[in-house]
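First the structure, in the form of structure tokens, and then the observations on it.
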Protein chains: 2
Amino acid sequence: MFGKSINKKLKENDYRLTGQRTAILEVMMDNQGRHLSAEEVLAQARKKQPNIGIATVYRTLEKLAAIDILYKSMFNDDKYRYEINDDHNEHHHHHIVCLACGKIAELEDDLLCSLEGQLETQGFEVVDHELKFFVYCPVCRKKQNK
Amino acid sequence: MFGKSINKKLKENDYRLTGQRTAILEVMMDNQGRHLSAEEVLAQARKKQPNIGIATVYRTLEKLAAIDILYKSMFNDDKYRYEINDDHNEHHHHHIVCLACGKIAELEDDLLCSLEGQLETQGFEVVDHELKFFVYCPVCRKKQNK
DNA sequence: TTATGTGCAAAGGATTTGCAACAGT
DNA sequence: ACTGTTGCAAATCCTTTGCACATAA
């Protein structure tokens, strides 16, 4: 009910499908491309499961991130944020963070592969990478007339 | 006494040079290229200023980061780490983080300039970027015989 | 049934803050 | 002297954990 590759992952990992987890997964699917904090997930999940607690949210997000269904990262506000990971095998997340409004855009590019190749010839095994650009986005630049 | 460009920055920013701040700056200079947590800075600073408190360390690190004398970032252990910023104007930090031992290497490359250029033609103002590779380093790979 | 998952409240760890005393300039 | 800085302890914020109860398989 969540797409075959997600269901497969859940099954492979002995992942008991409770009402709470279903609610959380639904929230994450409804927010594709957005980066939600645990509190934000809680607020939305409560609409479906009124008694769900924050501990369950953290535990579930953590587990889903561990099996690559979610991607976990932190921007500029000291709290982790989670987003659904479409192709949950390789995750090359290139975020473009606006320093003014905090909006986060994503970059689909894979320019970095050649760099990874270099590292691998040096004996590193590259598991993942993460690139962040800190920017002023076009809208904010206009507001500040820069 | 800390190199002319650091002294200039301090003066420009009305930065009163106390014994505590001197101690912290010395610690950071002594650890060029390393990434210290606030607690680690505290421990070393106490050798010079036995009564210095953790609040002062946080306040000082924050201020030095604000004027680009330090660079602040977080790796995989939920605490901020600080390092001295040699050319404290542009900071292009490319860290290579080993997932096994936590060791952090740096990459001096500037392959990303072309990507920045693309963003700028799209109307973004790029202030900074940050790239992290999550890897297993050669030493750890050997230990795990991978 | 039986191992896993849940909610709650308490604990934990990093960081910040209020405030009275202190110290550069 | 004036103003910014300090140390301490308490407060804050995000996240984790212990435990008794509940529930999916």
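Each chain of the structure tokens is named A, B, ... in the order shown, its residues numbered from 1; ligands are numbered from 1 in display order.
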Using only C-alpha atoms (C1' of nucleotides), which chain D residues lie at most 10 Å away from chain B, written as an MDAnalysis selection string?
-> chainID D and resid 4:8
Please report as an MDAnalysis selection string which residues of chain C come no farther than 12 Å from chain B, using only C-alpha atoms (C1' of nucleotides).
-> chainID C and resid 13:17 22:25
How would the residues just picked look written out with N, CA and C atoms (P, O5', C5', C4', C3', O3' and C1' of nucleotides) as a PDB file, in the first residue's frame?
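Final output, saved to result.pdb:
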ATOM      1  P    DG C  13      24.210  11.708  29.291  1.00  0.00           P
ATOM      2  O5'  DG C  13      24.170  12.845  28.165  1.00  0.00           O
ATOM      3  C5'  DG C  13      23.739  12.519  26.852  1.00  0.00           C
ATOM      4  C4'  DG C  13      23.850  13.772  26.014  1.00  0.00           C
ATOM      5  C3'  DG C  13      25.043  14.658  26.381  1.00  0.00           C
ATOM      6  O3'  DG C  13      25.613  15.142  25.185  1.00  0.00           O
ATOM      7  C1'  DG C  13      23.052  15.892  26.567  1.00  0.00           C
ATOM      8  P    DA C  14      26.897  16.021  25.181  1.00  0.00           P
ATOM      9  O5'  DA C  14      26.307  17.325  24.468  1.00  0.00           O
ATOM     10  C5'  DA C  14      25.825  17.190  23.148  1.00  0.00           C
ATOM     11  C4'  DA C  14      25.161  18.489  22.756  1.00  0.00           C
ATOM     12  C3'  DA C  14      26.103  19.696  22.772  1.00  0.00           C
ATOM     13  O3'  DA C  14      25.890  20.413  21.562  1.00  0.00           O
ATOM     14  C1'  DA C  14      24.195  20.101  24.135  1.00  0.00           C
ATOM     15  P    DT C  15      26.753  21.684  21.285  1.00  0.00           P
ATOM     16  O5'  DT C  15      25.846  22.847  21.908  1.00  0.00           O
ATOM     17  C5'  DT C  15      24.604  23.115  21.287  1.00  0.00           C
ATOM     18  C4'  DT C  15      23.852  24.137  22.095  1.00  0.00           C
ATOM     19  C3'  DT C  15      24.566  25.488  22.233  1.00  0.00           C
ATOM     20  O3'  DT C  15      23.773  26.428  21.525  1.00  0.00           O
ATOM     21  C1'  DT C  15      23.536  24.788  24.264  1.00  0.00           C
ATOM     22  P    DT C  16      24.022  27.982  21.596  1.00  0.00           P
ATOM     23  O5'  DT C  16      23.104  28.466  22.802  1.00  0.00           O
ATOM     24  C5'  DT C  16      21.744  28.098  22.775  1.00  0.00           C
ATOM     25  C4'  DT C  16      21.006  28.807  23.889  1.00  0.00           C
ATOM     26  C3'  DT C  16      21.318  30.312  24.011  1.00  0.00           C
ATOM     27  O3'  DT C  16      20.049  30.931  24.125  1.00  0.00           O
ATOM     28  C1'  DT C  16      21.638  29.223  26.090  1.00  0.00           C
ATOM     29  P    DT C  17      19.859  32.483  24.262  1.00  0.00           P
ATOM     30  O5'  DT C  17      19.637  32.725  25.829  1.00  0.00           O
ATOM     31  C5'  DT C  17      18.729  31.901  26.519  1.00  0.00           C
ATOM     32  C4'  DT C  17      18.632  32.371  27.960  1.00  0.00           C
ATOM     33  C3'  DT C  17      18.900  33.863  28.180  1.00  0.00           C
ATOM     34  O3'  DT C  17      17.980  34.309  29.165  1.00  0.00           O
ATOM     35  C1'  DT C  17      20.386  32.593  29.477  1.00  0.00           C
ATOM     36  P    DC C  22      33.745  40.181  42.381  1.00  0.00           P
ATOM     37  O5'  DC C  22      34.167  40.388  40.853  1.00  0.00           O
ATOM     38  C5'  DC C  22      34.247  39.248  39.991  1.00  0.00           C
ATOM     39  C4'  DC C  22      34.830  39.690  38.669  1.00  0.00           C
ATOM     40  C3'  DC C  22      36.074  40.568  38.774  1.00  0.00           C
ATOM     41  O3'  DC C  22      37.081  39.931  38.016  1.00  0.00           O
ATOM     42  C1'  DC C  22      34.462  41.528  37.304  1.00  0.00           C
ATOM     43  P    DA C  23      38.555  40.503  37.877  1.00  0.00           P
ATOM     44  O5'  DA C  23      38.465  41.204  36.448  1.00  0.00           O
ATOM     45  C5'  DA C  23      38.046  40.442  35.325  1.00  0.00           C
ATOM     46  C4'  DA C  23      38.273  41.270  34.079  1.00  0.00           C
ATOM     47  C3'  DA C  23      39.571  42.051  34.088  1.00  0.00           C
ATOM     48  O3'  DA C  23      39.895  42.227  32.731  1.00  0.00           O
ATOM     49  C1'  DA C  23      37.826  43.561  34.025  1.00  0.00           C
ATOM     50  P    DG C  24      41.379  42.067  32.283  1.00  0.00           P
ATOM     51  O5'  DG C  24      41.222  42.274  30.716  1.00  0.00           O
ATOM     52  C5'  DG C  24      41.244  43.551  30.330  1.00  0.00           C
ATOM     53  C4'  DG C  24      40.439  43.794  29.107  1.00  0.00           C
ATOM     54  C3'  DG C  24      41.182  44.810  28.288  1.00  0.00           C
ATOM     55  O3'  DG C  24      40.751  44.752  26.958  1.00  0.00           O
ATOM     56  C1'  DG C  24      39.358  45.830  29.454  1.00  0.00           C
ATOM     57  P    DT C  25      41.700  45.359  25.865  1.00  0.00           P
ATOM     58  O5'  DT C  25      41.328  46.910  25.805  1.00  0.00           O
ATOM     59  C5'  DT C  25      40.041  47.287  25.313  1.00  0.00           C
ATOM     60  C4'  DT C  25      39.743  48.725  25.670  1.00  0.00           C
ATOM     61  C3'  DT C  25      40.939  49.657  25.494  1.00  0.00           C
ATOM     62  O3'  DT C  25      40.778  50.372  24.293  1.00  0.00           O
ATOM     63  C1'  DT C  25      39.647  50.150  27.458  1.00  0.00           C
TER      64       DT C  25
END
Give me the residues of chain B that have any atom at most 9 Å from an atom of chain A; for each, the nearest atom pair and the distance in Å, rounded to one decimal. Use only C-alpha atoms, sort by chain and number, and format it as JSON lines.
{"residue": "B:Asp78", "atom": "CA", "partner": "A:Asp78", "partner_atom": "CA", "distance": 9.0}
{"residue": "B:His94", "atom": "CA", "partner": "A:Leu131", "partner_atom": "CA", "distance": 8.9}
{"residue": "B:Ile96", "atom": "CA", "partner": "A:His129", "partner_atom": "CA", "distance": 8.8}
{"residue": "B:Cys98", "atom": "CA", "partner": "A:Phe124", "partner_atom": "CA", "distance": 8.7}
{"residue": "B:Leu99", "atom": "CA", "partner": "A:Val127", "partner_atom": "CA", "distance": 8.6}
{"residue": "B:Leu111", "atom": "CA", "partner": "A:Leu115", "partner_atom": "CA", "distance": 8.2}
{"residue": "B:Leu112", "atom": "CA", "partner": "A:Leu112", "partner_atom": "CA", "distance": 8.5}
{"residue": "B:Leu115", "atom": "CA", "partner": "A:Leu111", "partner_atom": "CA", "distance": 8.2}
{"residue": "B:Glu116", "atom": "CA", "partner": "A:Phe133", "partner_atom": "CA", "distance": 8.3}
{"residue": "B:Gln122", "atom": "CA", "partner": "A:Pro138", "partner_atom": "CA", "distance": 8.1}
{"residue": "B:Gly123", "atom": "CA", "partner": "A:Pro138", "partner_atom": "CA", "distance": 5.1}
{"residue": "B:Phe124", "atom": "CA", "partner": "A:Cys137", "partner_atom": "CA", "distance": 4.7}
{"residue": "B:Glu125", "atom": "CA", "partner": "A:Tyr136", "partner_atom": "CA", "distance": 4.9}
{"residue": "B:Val126", "atom": "CA", "partner": "A:Val135", "partner_atom": "CA", "distance": 4.2}
{"residue": "B:Val127", "atom": "CA", "partner": "A:Val135", "partner_atom": "CA", "distance": 5.1}
{"residue": "B:Asp128", "atom": "CA", "partner": "A:Phe134", "partner_atom": "CA", "distance": 4.9}
{"residue": "B:His129", "atom": "CA", "partner": "A:Phe133", "partner_atom": "CA", "distance": 4.1}
{"residue": "B:Glu130", "atom": "CA", "partner": "A:Lys132", "partner_atom": "CA", "distance": 5.0}
{"residue": "B:Leu131", "atom": "CA", "partner": "A:Leu131", "partner_atom": "CA", "distance": 4.2}
{"residue": "B:Lys132", "atom": "CA", "partner": "A:Glu130", "partner_atom": "CA", "distance": 5.0}
{"residue": "B:Phe133", "atom": "CA", "partner": "A:His129", "partner_atom": "CA", "distance": 4.1}
{"residue": "B:Phe134", "atom": "CA", "partner": "A:Asp128", "partner_atom": "CA", "distance": 4.9}
{"residue": "B:Val135", "atom": "CA", "partner": "A:Val126", "partner_atom": "CA", "distance": 4.2}
{"residue": "B:Tyr136", "atom": "CA", "partner": "A:Glu125", "partner_atom": "CA", "distance": 4.9}
{"residue": "B:Cys137", "atom": "CA", "partner": "A:Phe124", "partner_atom": "CA", "distance": 4.7}
{"residue": "B:Pro138", "atom": "CA", "partner": "A:Gly123", "partner_atom": "CA", "distance": 5.1}
{"residue": "B:Val139", "atom": "CA", "partner": "A:Gly123", "partner_atom": "CA", "distance": 8.8}
{"residue": "B:Arg141", "atom": "CA", "partner": "A:Glu125", "partner_atom": "CA", "distance": 7.8}
Looking only at the backbone, which of the residues in stretch 59-141 of chain B does DSSP tag as strand (DSSP E or B), as number ranges by chain?
-> B: 70-74, 80-84, 88, 90, 92-98, 104-106, 125-136
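Nearest residue to B:Ile69, choosing from B:Lys4, B:Lys9, B:Lys47, B:Arg81 and counting only C-alpha atoms: B:Lys9.
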Which residue of B:Val41, B:Met29, B:Ile104, B:Ala65 approaches B:Gly3 most closely, using only C-alpha atoms =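 Of B:Val41, B:Met29, B:Ile104, B:Ala65, the one nearest B:Gly3 is B:Met29, counting only C-alpha atoms.
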Run DSSP on the backbone of this structure and report the residues of stretch 19-81 of chain B it assigns to helix (DSSP H, G or I), as a PyMOL selection string.
-> chain B and resi 19-30+38-46+54-66
Compile the contact shell of D:DA22 as a PyMOL selection string: residues with an atom at most 12 Å away, counting only C-alpha atoms (C1' of nucleotides), same-chain residues fewer than 4 positions apart removed.
-> (chain A and resi 18) or (chain C and resi 4-7)
Residues from the last selection, C-alpha atoms (C1' of nucleotides), saved as a short mmCIF file (atom, residue, chain, number, x, y, z; two decimals), in the first residue's frame:
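Produced file part.cif, reproduced below:
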data_model
loop_
_atom_site.label_atom_id
_atom_site.label_comp_id
_atom_site.auth_asym_id
_atom_site.auth_seq_id
_atom_site.Cartn_x
_atom_site.Cartn_y
_atom_site.Cartn_z
CA THR A 18 1.13 -0.60 13.23
"C1'" DT C 4 7.60 -5.91 19.32
"C1'" DG C 5 5.68 -1.56 19.60
"C1'" DT C 6 3.42 2.15 22.35
"C1'" DG C 7 2.56 6.20 25.56
#
List the neighbours of C:DG18 out to 10 Å using only C-alpha atoms (C1' of nucleotides); skip same-chain residues closer than 6 positions along the sequence, and give me the result as a list in words.
->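 So the residues in contact are DA9, DA10 and DA11 of chain D.
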